[in-house]
Structures are given as structure tokens and as C-alpha cells.
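Below is run29.cif, holding mmCIF, C-alpha atoms, pLDDT in the B column; chains and numbers go by the auth columns.
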data_coords
#
loop_
_atom_site.group_PDB
_atom_site.id
_atom_site.type_symbol
_atom_site.label_atom_id
_atom_site.label_comp_id
_atom_site.label_asym_id
_atom_site.label_seq_id
_atom_site.Cartn_x
_atom_site.Cartn_y
_atom_site.Cartn_z
_atom_site.B_iso_or_equiv
_atom_site.auth_seq_id
_atom_site.auth_asym_id
ATOM 1 C CA MET A 1 0.000 0.000 0.000 52.00 1 A
ATOM 2 C CA ASN A 2 1.341 3.382 -0.980 60.00 2 A
ATOM 3 C CA THR A 3 0.796 6.018 1.668 61.00 3 A
ATOM 4 C CA TYR A 4 1.232 9.709 1.137 63.00 4 A
ATOM 5 C CA ARG A 5 2.540 12.105 3.675 83.00 5 A
ATOM 6 C CA PRO A 6 0.312 15.088 4.494 85.00 6 A
ATOM 7 C CA ARG A 7 2.655 17.482 2.684 84.00 7 A
ATOM 8 C CA GLN A 8 2.354 15.461 -0.539 89.00 8 A
ATOM 9 C CA LEU A 9 -1.435 15.400 -0.268 91.00 9 A
ATOM 10 C CA VAL A 10 -1.564 19.151 0.247 90.00 10 A
ATOM 11 C CA ARG A 11 0.714 19.700 -2.739 91.00 11 A
ATOM 12 C CA ALA A 12 -1.390 17.385 -4.919 93.00 12 A
ATOM 13 C CA ALA A 13 -4.534 19.248 -3.842 95.00 13 A
ATOM 14 C CA ALA A 14 -2.823 22.555 -4.658 95.00 14 A
ATOM 15 C CA TRP A 15 -2.084 21.290 -8.188 97.00 15 A
ATOM 16 C CA VAL A 16 -5.717 20.245 -8.669 97.00 16 A
ATOM 17 C CA ILE A 17 -7.004 23.603 -7.434 97.00 17 A
ATOM 18 C CA PHE A 18 -4.457 25.571 -9.488 98.00 18 A
ATOM 19 C CA SER A 19 -5.180 23.615 -12.686 98.00 19 A
ATOM 20 C CA SER A 20 -8.943 23.845 -12.259 98.00 20 A
ATOM 21 C CA TYR A 21 -8.822 27.555 -11.514 98.00 21 A
ATOM 22 C CA THR A 22 -6.539 28.188 -14.494 98.00 22 A
ATOM 23 C CA LEU A 23 -9.009 26.443 -16.823 97.00 23 A
ATOM 24 C CA PHE A 24 -11.883 28.438 -15.305 96.00 24 A
ATOM 25 C CA ILE A 25 -10.047 31.752 -15.838 96.00 25 A
ATOM 26 C CA ILE A 26 -9.161 30.801 -19.425 95.00 26 A
ATOM 27 C CA TYR A 27 -12.846 30.097 -20.035 93.00 27 A
ATOM 28 C CA LEU A 28 -13.848 33.482 -18.589 91.00 28 A
ATOM 29 C CA LEU A 29 -11.171 35.368 -20.520 90.00 29 A
ATOM 30 C CA PHE A 30 -12.025 33.880 -23.901 89.00 30 A
ATOM 31 C CA PHE A 31 -15.603 32.627 -23.746 88.00 31 A
ATOM 32 C CA GLY A 32 -17.384 34.103 -20.715 84.00 32 A
ATOM 33 C CA PHE A 33 -18.924 37.553 -20.292 72.00 33 A
ATOM 34 C CA SER A 34 -20.458 37.525 -23.799 68.00 34 A
ATOM 35 C CA ARG A 35 -17.063 37.370 -25.472 69.00 35 A
ATOM 36 C CA SER A 36 -18.331 36.167 -28.854 66.00 36 A
ATOM 37 C CA GLY A 37 -19.982 38.116 -31.614 64.00 37 A
ATOM 38 C CA ARG A 38 -17.802 41.228 -31.645 69.00 38 A
ATOM 39 C CA THR A 39 -17.305 42.779 -35.029 74.00 39 A
ATOM 40 C CA GLU A 40 -14.651 45.335 -34.190 81.00 40 A
ATOM 41 C CA ARG A 41 -11.511 45.450 -32.115 84.00 41 A
ATOM 42 C CA SER A 42 -11.112 47.850 -29.232 84.00 42 A
ATOM 43 C CA TYR A 43 -8.086 48.737 -27.195 86.00 43 A
ATOM 44 C CA ASN A 44 -6.684 51.010 -24.522 87.00 44 A
ATOM 45 C CA ILE A 45 -2.926 51.467 -24.237 89.00 45 A
ATOM 46 C CA VAL A 46 -3.031 54.443 -21.861 88.00 46 A
ATOM 47 C CA PRO A 47 -2.348 53.269 -18.293 90.00 47 A
ATOM 48 C CA PHE A 48 -5.198 53.935 -15.841 87.00 48 A
ATOM 49 C CA LYS A 49 -7.460 55.475 -18.510 89.00 49 A
ATOM 50 C CA THR A 50 -10.201 52.872 -18.081 86.00 50 A
ATOM 51 C CA VAL A 51 -9.867 52.696 -14.299 86.00 51 A
ATOM 52 C CA TRP A 52 -9.928 56.478 -14.023 86.00 52 A
ATOM 53 C CA SER A 53 -13.098 56.659 -16.112 85.00 53 A
ATOM 54 C CA TYR A 54 -14.820 54.236 -13.721 82.00 54 A
ATOM 55 C CA PHE A 55 -14.047 56.545 -10.817 79.00 55 A
ATOM 56 C CA VAL A 56 -14.766 59.849 -12.587 82.00 56 A
ATOM 57 C CA TYR A 57 -17.969 58.662 -14.287 78.00 57 A
ATOM 58 C CA PHE A 58 -19.076 56.377 -11.464 75.00 58 A
ATOM 59 C CA ARG A 59 -22.739 57.302 -11.881 78.00 59 A
ATOM 60 C CA HIS A 60 -22.734 56.373 -15.569 80.00 60 A
ATOM 61 C CA TYR A 61 -21.873 52.715 -14.917 79.00 61 A
ATOM 62 C CA ASP A 62 -23.961 49.991 -13.353 83.00 62 A
ATOM 63 C CA LEU A 63 -22.477 48.893 -10.035 81.00 63 A
ATOM 64 C CA ASP A 64 -21.893 45.335 -11.250 82.00 64 A
ATOM 65 C CA ILE A 65 -19.901 46.592 -14.269 81.00 65 A
ATOM 66 C CA TRP A 66 -17.809 48.799 -12.002 81.00 66 A
ATOM 67 C CA ILE A 67 -17.134 46.039 -9.463 83.00 67 A
ATOM 68 C CA ILE A 68 -16.280 43.412 -12.098 83.00 68 A
ATOM 69 C CA ASN A 69 -13.955 45.689 -14.042 85.00 69 A
ATOM 70 C CA VAL A 70 -12.075 47.145 -11.094 87.00 70 A
ATOM 71 C CA PHE A 71 -12.217 44.722 -8.181 93.00 71 A
ATOM 72 C CA GLY A 72 -12.895 41.613 -10.253 92.00 72 A
ATOM 73 C CA ASN A 73 -9.735 42.130 -12.288 93.00 73 A
ATOM 74 C CA VAL A 74 -7.728 42.307 -9.077 96.00 74 A
ATOM 75 C CA ALA A 75 -9.470 39.473 -7.212 97.00 75 A
ATOM 76 C CA ALA A 76 -9.377 37.050 -10.149 96.00 76 A
ATOM 77 C CA PHE A 77 -5.582 36.855 -10.078 98.00 77 A
ATOM 78 C CA VAL A 78 -4.979 36.669 -6.326 98.00 78 A
ATOM 79 C CA PRO A 79 -4.991 32.837 -6.451 98.00 79 A
ATOM 80 C CA PHE A 80 -2.254 32.850 -9.094 98.00 80 A
ATOM 81 C CA GLY A 81 -0.009 34.963 -6.914 97.00 81 A
ATOM 82 C CA PHE A 82 -0.497 32.447 -4.135 97.00 82 A
ATOM 83 C CA PHE A 83 -0.104 29.218 -6.108 97.00 83 A
ATOM 84 C CA ILE A 84 2.668 30.190 -8.547 97.00 84 A
ATOM 85 C CA PRO A 85 5.459 30.546 -5.954 96.00 85 A
ATOM 86 C CA TRP A 86 4.209 27.453 -4.127 94.00 86 A
ATOM 87 C CA LEU A 87 4.095 25.185 -7.163 96.00 87 A
ATOM 88 C CA PHE A 88 6.917 26.670 -9.243 96.00 88 A
ATOM 89 C CA PRO A 89 10.026 27.134 -7.064 90.00 89 A
ATOM 90 C CA SER A 90 11.792 29.431 -9.546 94.00 90 A
ATOM 91 C CA PHE A 91 9.076 32.076 -9.004 95.00 91 A
ATOM 92 C CA ASN A 92 9.820 32.678 -5.338 92.00 92 A
ATOM 93 C CA ARG A 93 10.195 36.467 -5.432 95.00 93 A
ATOM 94 C CA TRP A 94 7.586 39.125 -6.043 96.00 94 A
ATOM 95 C CA LEU A 95 9.379 40.518 -9.091 97.00 95 A
ATOM 96 C CA ALA A 96 9.558 37.094 -10.742 97.00 96 A
ATOM 97 C CA VAL A 97 5.818 36.582 -10.165 97.00 97 A
ATOM 98 C CA ALA A 98 5.041 40.089 -11.465 98.00 98 A
ATOM 99 C CA LYS A 99 7.111 39.554 -14.623 98.00 99 A
ATOM 100 C CA LEU A 100 5.541 36.161 -15.323 98.00 100 A
ATOM 101 C CA LEU A 101 2.023 37.499 -14.869 98.00 101 A
ATOM 102 C CA PHE A 102 2.775 40.582 -16.965 98.00 102 A
ATOM 103 C CA TRP A 103 3.989 38.544 -19.950 98.00 103 A
ATOM 104 C CA LEU A 104 1.191 35.980 -19.689 97.00 104 A
ATOM 105 C CA LEU A 105 -1.440 38.702 -19.415 97.00 105 A
ATOM 106 C CA LEU A 106 0.056 40.644 -22.304 97.00 106 A
ATOM 107 C CA ALA A 107 -0.345 37.484 -24.378 97.00 107 A
ATOM 108 C CA VAL A 108 -3.951 37.035 -23.169 95.00 108 A
ATOM 109 C CA GLU A 109 -4.901 40.638 -23.945 94.00 109 A
ATOM 110 C CA THR A 110 -3.271 40.374 -27.374 94.00 110 A
ATOM 111 C CA LEU A 111 -5.157 37.155 -28.154 93.00 111 A
ATOM 112 C CA GLN A 112 -8.421 38.747 -27.037 91.00 112 A
ATOM 113 C CA PHE A 113 -7.740 41.645 -29.384 91.00 113 A
ATOM 114 C CA VAL A 114 -6.738 39.464 -32.347 91.00 114 A
ATOM 115 C CA PHE A 115 -9.705 37.113 -32.021 89.00 115 A
ATOM 116 C CA LYS A 116 -12.191 39.871 -31.100 88.00 116 A
ATOM 117 C CA VAL A 117 -13.191 38.188 -27.834 88.00 117 A
ATOM 118 C CA GLY A 118 -12.498 41.173 -25.641 83.00 118 A
ATOM 119 C CA SER A 119 -10.588 44.370 -25.791 85.00 119 A
ATOM 120 C CA PHE A 120 -6.887 44.922 -25.283 92.00 120 A
ATOM 121 C CA ASP A 121 -6.716 47.042 -22.140 93.00 121 A
ATOM 122 C CA VAL A 122 -3.446 47.818 -20.391 95.00 122 A
ATOM 123 C CA ASP A 123 -5.474 48.546 -17.251 94.00 123 A
ATOM 124 C CA ASP A 124 -6.604 44.905 -17.151 94.00 124 A
ATOM 125 C CA ILE A 125 -2.952 43.852 -17.168 96.00 125 A
ATOM 126 C CA LEU A 126 -2.106 46.290 -14.363 97.00 126 A
ATOM 127 C CA LEU A 127 -5.067 45.254 -12.209 96.00 127 A
ATOM 128 C CA ASN A 128 -4.443 41.536 -12.799 97.00 128 A
ATOM 129 C CA VAL A 129 -0.762 41.858 -11.877 98.00 129 A
ATOM 130 C CA LEU A 130 -1.775 43.809 -8.756 98.00 130 A
ATOM 131 C CA GLY A 131 -4.057 40.911 -7.825 98.00 131 A
ATOM 132 C CA GLY A 132 -1.228 38.460 -8.374 98.00 132 A
ATOM 133 C CA LEU A 133 1.042 40.492 -6.132 98.00 133 A
ATOM 134 C CA LEU A 134 -1.626 40.549 -3.412 98.00 134 A
ATOM 135 C CA GLY A 135 -1.781 36.766 -3.722 98.00 135 A
ATOM 136 C CA PHE A 136 2.002 36.621 -3.431 97.00 136 A
ATOM 137 C CA ALA A 137 1.808 38.700 -0.244 96.00 137 A
ATOM 138 C CA LEU A 138 -0.753 36.227 1.118 96.00 138 A
ATOM 139 C CA PHE A 139 1.579 33.366 0.203 95.00 139 A
ATOM 140 C CA VAL A 140 4.488 34.996 2.010 94.00 140 A
ATOM 141 C CA ALA A 141 2.306 35.636 5.072 94.00 141 A
ATOM 142 C CA ALA A 142 0.847 32.112 5.051 92.00 142 A
ATOM 143 C CA MET A 143 4.190 30.400 4.706 87.00 143 A
ATOM 144 C CA GLY A 144 5.915 32.574 7.290 81.00 144 A
ATOM 145 C CA CYS A 145 8.501 33.799 4.818 65.00 145 A
ATOM 146 C CA LYS A 146 10.257 37.010 5.753 52.00 146 A
ATOM 147 C CA THR A 147 12.208 37.731 2.592 47.00 147 A
ATOM 148 C CA GLY A 148 9.850 36.498 -0.092 47.00 148 A
ATOM 149 C CA ARG A 149 11.858 33.307 -0.552 50.00 149 A
ATOM 150 C CA ARG A 150 10.241 29.928 -0.184 47.00 150 A
ATOM 151 C CA SER A 151 10.842 28.255 3.111 47.00 151 A
ATOM 152 C CA ILE A 152 8.890 25.054 2.411 42.00 152 A
ATOM 153 C CA GLN A 153 8.727 22.539 -0.402 41.00 153 A
#
Written as C-alpha cells, that's how I'd like the structure from this file.
Amino acid sequence: MNTYRPRQLVRAAAWVIFSSYTLFIIYLLFFGFSRSGRTERSYNIVPFKTVWSYFVYFRHYDLDIWIINVFGNVAAFVPFGFFIPWLFPSFNRWLAVAKLLFWLLLAVETLQFVFKVGSFDVDDILLNVLGGLLGFALFVAAMGCKTGRRSIQ
């Protein structure tokens, strides 16, 4: 009989959660939120332009649109900031996690633009990376790390 130690079970569960959540986010980014049927491409390459408009023209947006586009973009990537340094030892510093998320999200936004399943918005990248960094901070706090380096396997 093969028995697993608790640490191995926790790590296996983390992989299942991470993989499932990744597939869910990919679905949302490319198929959810009425992503199909666009005829034109839209983009924003000015940092904080979209976010600023949500704050300045708060009364012109439904609350659910505002919450999804500002807080949802942050919250959606918190789990990645937590799981990436845990499951991928080479991403054990905040800057490494930020760079990885930036490049992955740049690719996602570009694909959304090319396939007309969303708009390319630099603010989405910034908010998503912020969420990832919040997740990284939670990881560091949960694991008792003081320098941002992994202390457990």
C-alpha cells in the first residue's frame, strides 16, 4: 500500500485547485462575459485610462460593471499569486511573479484583441498583476517567509 505524507497530499490538492482555476479563468477570458460576436476590435494602451473613467464617471456605470472591471480584475488573479510561488520554485520572489504574470497577461490581452473576444486594455494587465502580487503577499504571510523566498517545499 502506498501512503502519502500530508505534505504530498496538500501539494497534490494545490495542483488540482491551481489547474482547475486556471481552466476556469481561461474560459472566462475567452468565452465568458459575452465574449463572442464582436465585429470590431477595441483597445486602450493608456495606463489607468479605463480605471480612471470608472471613478470619474461612477454614476454612468452599473455597479456590477464597475465592481467586475475594477475589483474583479484584481481578485481574479490573487490565487495565481499564491499558487505560482508554491508550485513553481523558480518564481519565489515578487518581481519574478510580477514579470511572469505581466507577460502571460500581455499574451492574453493580445489574443483577445486578435480574435475579437475582448478588448486589449493595459489597465486589465495592471489590475491583474496587482491581484497576483496581493496573492504573493498572502503566500508569504501564510508560509511565514520574511524575505519572499520559499521556506517550504
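For the file shown, the residue list from the PyMOL selection byres ((chain A and resi 104) around 12) reads Ile26, Phe77, Phe80, Val97, Ala98, Lys99, Leu100, Leu101, Phe102, Trp103, Leu105, Leu106, Ala107, Val108, Glu109, Thr110, Leu111, Ile125, Asn128, Val129 and Gly132 of chain A.
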Atom CA of A:Phe113 and atom CA of A:Trp94, how far apart in Å?
28.0 Å
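When all atoms listed in the file are used to measure the gap to A:Asp121, the shortest distance among A:Val16, A:Val10, A:Val51, A:Ile25 belongs to A:Val51.
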Evaluated on this file, the PyMOL selection byres ((chain A and resi 76) around 12) picks out some residues - which ones are they, written as an MDAnalysis selection string?
chainID A and resid 21:22 24:26 28:29 67:75 77:82 124:125 127:135
Just say which residues the PyMOL selection byres ((chain A and resi 117) around 12) picks in this file, as a VMD selection string.
chain A and resid 26 to 43 108 to 116 118 to 120
One-decimal distance in Å that lies between atom CA of A:Ala96 and atom CA of A:Val122:
19.4 Å
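Separating atom CA of A:Arg11 from atom CA of A:Phe88 is a distance of 11.4 Å.
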